[in-house]
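Here is the structure we will look at, set down as structure tokens.
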Amino acid sequence: MSLATTNYLTPTGREEAWRFTPLKRLQGLHDGAAIDGQRTSLVSKAALPSGVNFVRESLQPLASSDDVIIERVRGLTDDVSHLSIAANCELTEPIFLGRVLGALETAEFSRVRISLGAHAVATVVLENTGDTVLAEDLEISLAPGSSLKFVTIQEFESKSVYTARHHAVVDKDAQFKSITITVGGDVVRILPTVEFTAPGGSAELLGVYFATSGQFFEHRMHVDHAVPHAKSRVNYKGALVGRDTHTVWIGDVLIRAVAEGTDTYELNRNLLLSDGSRADSVPNLEIETGEIVGAGHASTTGRFDDEQLFYLMSRGISMENARRLVVRGFFNEIITEIGIERIQERLMDRIDGELEKAGV
Amino acid sequence: MSRLEIRNLQVSVNTDAGAVDILKGVDLTINSGETHAIMGPNGSGKSTLAYSIAGHPKYTIVGGSVTLDGADVLEMTVDERAKAGLFLAMQYPVEVPGVSVSNFLRTAATALRGEAPKLRTWVGEVKEAMEALNMDPAFASRNVNEGFSGGEKKRHEIMQLELLKPKIAILDETDSGLDVDALRIVSEGVNRAKENNNLGVLLITHYTRILKYIKPDFVHVFANGHIVEEGGPDLADKLEANGYADYVSK
């Protein structure tokens with residue numbers, strides 16, 4: 001059922017939230033020009049264990065959004081693909097979600113919900129692949145004491161556009177860990193956002209992006225510490241190669257006046273592997289109370305370290321292999337956090353392949 | 001039998017204030033099985049000699065030659081020098097985040113031997129090399145030089161020396177930052193490599209104490225960018241007694 005009657009404020013590129021994004025390459029997702037292909041591409045890739053359900057149903061949003069594309073998605077559909085994991089259900093194997101039915105001519109407007117009941121424990125892997133123009137409102141609800149590792153892998157084909165908000169609502173003592181890997185697509189813009197609704201929660205947002213040959217990847221975090229005694233960690237690492245390749249990392253962390261005992265640290269590192277690439281990195285920590293455990297941020301953007309390359313080459317390793325080792329090592333810290341060998345190897349092989357193709 | 005020949009080597013380094021001459025004509029010949037100690041005060045250019053031979057990009061060769069068994073070392077890339085049989089044990093080994101010691105060693109061995117070592121024998125080789133240097137097996141899964149103590153870094157360098165089996169090794173202040181026990185363990189590693197591989201050694205040091213463990217055949221005194229005196233092991237005793245004052249004021 002379409003509710004597309006609102007007058008959305010189409011971004012012009014002058015807004016803070018849109019100042020880096022190449023609007024012309026969004027295939028009309030932001031200004032209403034994209035045609036709704038009425039697709040639902042999200043599927044479960046294997047039989048689900050007991051306590052886990054995956055259904056389409058009508059759901060109200062968990063949290064408001066000021067992102068114009070998310071508003072459009074919500075205006076177009078209240079049909080939500082809902083993966084729910086029952087209370088006290090402790091899954092030992094990951095749940096794999098994937099995509100079917102992609103298309104470039106029309107767009108998909110998607111709403112997704114992942115919800116964990118109290119004390120549930122799960123790993124959910126979402127493998128984003130194929131040709132697509134996709135705007136997605138993905139919300140995650142963690143009930144008290146639950147724990148989720150949420151892995152998303154953006155391995156879209158080269159003409160695809162993906163704009164999404166991945167929003168987690170973390171209740172009392174719940175643990176949220178996201179690993180966001182972005183390696184494929186023409187434009188990928190993800191808003192990994194977190195809000196804590198009760199004390200004792202933790203959120204760890206990890207990410208890797210590897211952009212080549214003109215790709216645009218944007219990751220715009222927002223962590224809202226609106227309750228006392230929550231902990232957040234952000235660590236994103238990116239590498240860029242090729243002319244007009246552009247990545248953006250924004251780390252907004254807000255510690256509100258009531259959020260005493262907050263413990264937060266955010267980190268972004270970028271490795272520029274060739275000329276002509278640009279990495280924007282903007283940590284932004286807003287602190288409204290001094291009664292906190294800790295708050296900090298760091299951001300670096302640099303080229304290959306000559307001393308590292310010299311050390312490796314002085315042991316007989318060729319320049320090409322030395323660079324490959326350094327890049328693999330750079331990403332290794334986060335990729336190994338996925339904990340699924342098959343996926344880790346596939347990603348490392350892809351990175352190797354891209355490096356080779358780019359002639360680094 | 002290998003021979004490293006350094007002839008009239010002149011090297012400068014680029015600084016903000018322009019090029020500065022560091023090496024002002026160095027002559028030295030090292031044969032397999034020989035141990036040469038290069039001793040000298042801080043800032044005399046000892047480390048520049050080591051890094052220039054290994055091919056560090058920071059240094060510019062202004063004149064002279066370096067050959068290994070007649071092949072022009074200065075024309076080789078850094079990795080080609082290692083493949084030709086040169087090894088530099090560094091004073092400050094570099095951290096490589098995310099790359100495990102075992103992955104690094106295997107990649108280096110593969111490059112130097114021209115094929116990947118057979119997994120079964122390789123695991124044994126590494127284990128043996130680590131045990132000989134009193135290293136914890138957990139060391140292999142740590143990232144290269146990351147969070148290593150000074151002593152661990154030097155043991156790791158000498159472990160590579162034993163595993164990679166070069167013809168000529170340059171040890172740049174390998175003794176610095178080592179306590180007595182670590183100095184003995186590391187020295188024994190160098191002596192094993194000499195014995196097993198007929199290694200030629202260029203041992204760069206500021207102090208004489210390592211020479212009690214690694215016996216030099218020749219001692220060269222280095223000051224102001226060149227060798228100012230040469231002799232046998234007894235020259236080291238003289239330096240121990242008198243220091244470098246005589247040479248610095250020259």
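By convention here, the chains of the structure tokens are called A, B, ... in the order presented, each chain's residues are numbered starting at 1, and ligands are numbered starting at 1 in the order presented.
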* **Sel. of alpha helix (DSSP H) residues, region 37-273 of chain A, as number ranges by chain** => A: 68-76
Store the residues picked out above, limited to N, CA and C atoms, as a PDB file, in the first residue's frame.
```pdb
ATOM      1  N   VAL A  68      16.048  11.244   3.851  1.00  0.00           N
ATOM      2  CA  VAL A  68      14.961  11.397   2.886  1.00  0.00           C
ATOM      3  C   VAL A  68      14.670  10.102   2.123  1.00  0.00           C
ATOM      4  N   ILE A  69      15.698   9.314   1.861  1.00  0.00           N
ATOM      5  CA  ILE A  69      15.452   8.071   1.124  1.00  0.00           C
ATOM      6  C   ILE A  69      14.710   7.058   2.004  1.00  0.00           C
ATOM      7  N   ILE A  70      15.091   7.009   3.281  1.00  0.00           N
ATOM      8  CA  ILE A  70      14.375   6.123   4.213  1.00  0.00           C
ATOM      9  C   ILE A  70      12.905   6.556   4.322  1.00  0.00           C
ATOM     10  N   GLU A  71      12.676   7.869   4.352  1.00  0.00           N
ATOM     11  CA  GLU A  71      11.285   8.352   4.388  1.00  0.00           C
ATOM     12  C   GLU A  71      10.516   7.916   3.146  1.00  0.00           C
ATOM     13  N   ARG A  72      11.175   7.990   2.004  1.00  0.00           N
ATOM     14  CA  ARG A  72      10.513   7.551   0.767  1.00  0.00           C
ATOM     15  C   ARG A  72      10.167   6.064   0.828  1.00  0.00           C
ATOM     16  N   VAL A  73      11.126   5.267   1.314  1.00  0.00           N
ATOM     17  CA  VAL A  73      10.883   3.826   1.426  1.00  0.00           C
ATOM     18  C   VAL A  73       9.654   3.579   2.300  1.00  0.00           C
ATOM     19  N   ARG A  74       9.599   4.263   3.436  1.00  0.00           N
ATOM     20  CA  ARG A  74       8.495   4.066   4.372  1.00  0.00           C
ATOM     21  C   ARG A  74       7.174   4.566   3.790  1.00  0.00           C
ATOM     22  N   GLY A  75       7.277   5.596   2.937  1.00  0.00           N
ATOM     23  CA  GLY A  75       6.074   6.099   2.298  1.00  0.00           C
ATOM     24  C   GLY A  75       5.527   5.122   1.272  1.00  0.00           C
ATOM     25  N   LEU A  76       6.412   4.347   0.668  1.00  0.00           N
ATOM     26  CA  LEU A  76       6.000   3.452  -0.408  1.00  0.00           C
ATOM     27  C   LEU A  76       5.496   2.103   0.088  1.00  0.00           C
TER      28      LEU A  76
END
```
* List every residue of region 122-310 of chain A that DSSP, applied to the backbone of this structure, places in strand (DSSP E), and write the result as a VMD selection string. => chain A and resid 122 to 130 133 to 142 147 to 156 161 to 170 175 to 184 187 to 196 202 to 212 216 to 225 231 to 241 246 to 255 263 to 272 278 to 287 294 to 302
* When you get a sec, could you note down which chain A residues fall within 10 Å of chain B, using only C-alpha atoms, as number ranges by chain? => A: 305-319, 321-322, 325-334, 336
* **Residue contacts of region 209-212 of chain A (10 Å, only C-alpha atoms) excluding same-chain residues fewer than 4 positions away, as a PyMOL selection string** => chain A and resi 153-154+180-186+216-219+236-249+270-271+273-274+277+279+331+350-351+354-355+357-358
For Gly45 (chain B): contacts at 7 Å, only C-alpha atoms, fewer than 4 positions along chain excluded, given as a PDB file with N, CA, C and O atoms, in the first residue's frame:
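The resulting part.pdb:
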```pdb
ATOM      1  N   ILE B  22      77.250  11.036   3.842  1.00  0.00           N
ATOM      2  CA  ILE B  22      77.439  10.237   5.055  1.00  0.00           C
ATOM      3  C   ILE B  22      78.642   9.298   4.886  1.00  0.00           C
ATOM      4  O   ILE B  22      79.550   9.302   5.703  1.00  0.00           O
ATOM      5  N   LEU B  23      78.638   8.515   3.816  1.00  0.00           N
ATOM      6  CA  LEU B  23      79.769   7.618   3.568  1.00  0.00           C
ATOM      7  C   LEU B  23      80.718   8.285   2.580  1.00  0.00           C
ATOM      8  O   LEU B  23      80.302   8.758   1.523  1.00  0.00           O
ATOM      9  N   LEU B  49      75.918   2.422   6.150  1.00  0.00           N
ATOM     10  CA  LEU B  49      76.586   1.380   5.362  1.00  0.00           C
ATOM     11  C   LEU B  49      75.679   0.160   5.243  1.00  0.00           C
ATOM     12  O   LEU B  49      75.460  -0.365   4.149  1.00  0.00           O
ATOM     13  N   ASN B 224      83.567   9.079  10.926  1.00  0.00           N
ATOM     14  CA  ASN B 224      83.358  10.120   9.929  1.00  0.00           C
ATOM     15  C   ASN B 224      83.184   9.572   8.509  1.00  0.00           C
ATOM     16  O   ASN B 224      83.733  10.104   7.551  1.00  0.00           O
ATOM     17  N   GLY B 225      82.429   8.497   8.368  1.00  0.00           N
ATOM     18  CA  GLY B 225      82.047   8.018   7.038  1.00  0.00           C
ATOM     19  C   GLY B 225      83.050   7.143   6.322  1.00  0.00           C
ATOM     20  O   GLY B 225      82.874   6.823   5.156  1.00  0.00           O
TER      21      GLY B 225
END
```
* Which one of B:Pro216, B:Gly33, B:Gly40, B:Gly18 sits closest to Val228 (chain B) if you count only C-alpha atoms? -> B:Gly40
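Residues in contact range of Val227 (chain A), defined as at most 10 Å between only C-alpha atoms, with sequence neighbours fewer than 3 positions away removed, read A:Lys172, A:Glu195, A:Phe196, A:Thr197, A:Ala198, A:Pro199, A:Gly200, A:Gly201, A:Asp224, A:Ala230, A:Ile255, A:Arg256, A:Ala257, A:Val258, A:Ala259, A:Glu260, A:Gly261, A:Thr262.
Interatomic distance, CA of Leu23 (chain A) against CA of Glu157 (chain A): 19.1 Å.
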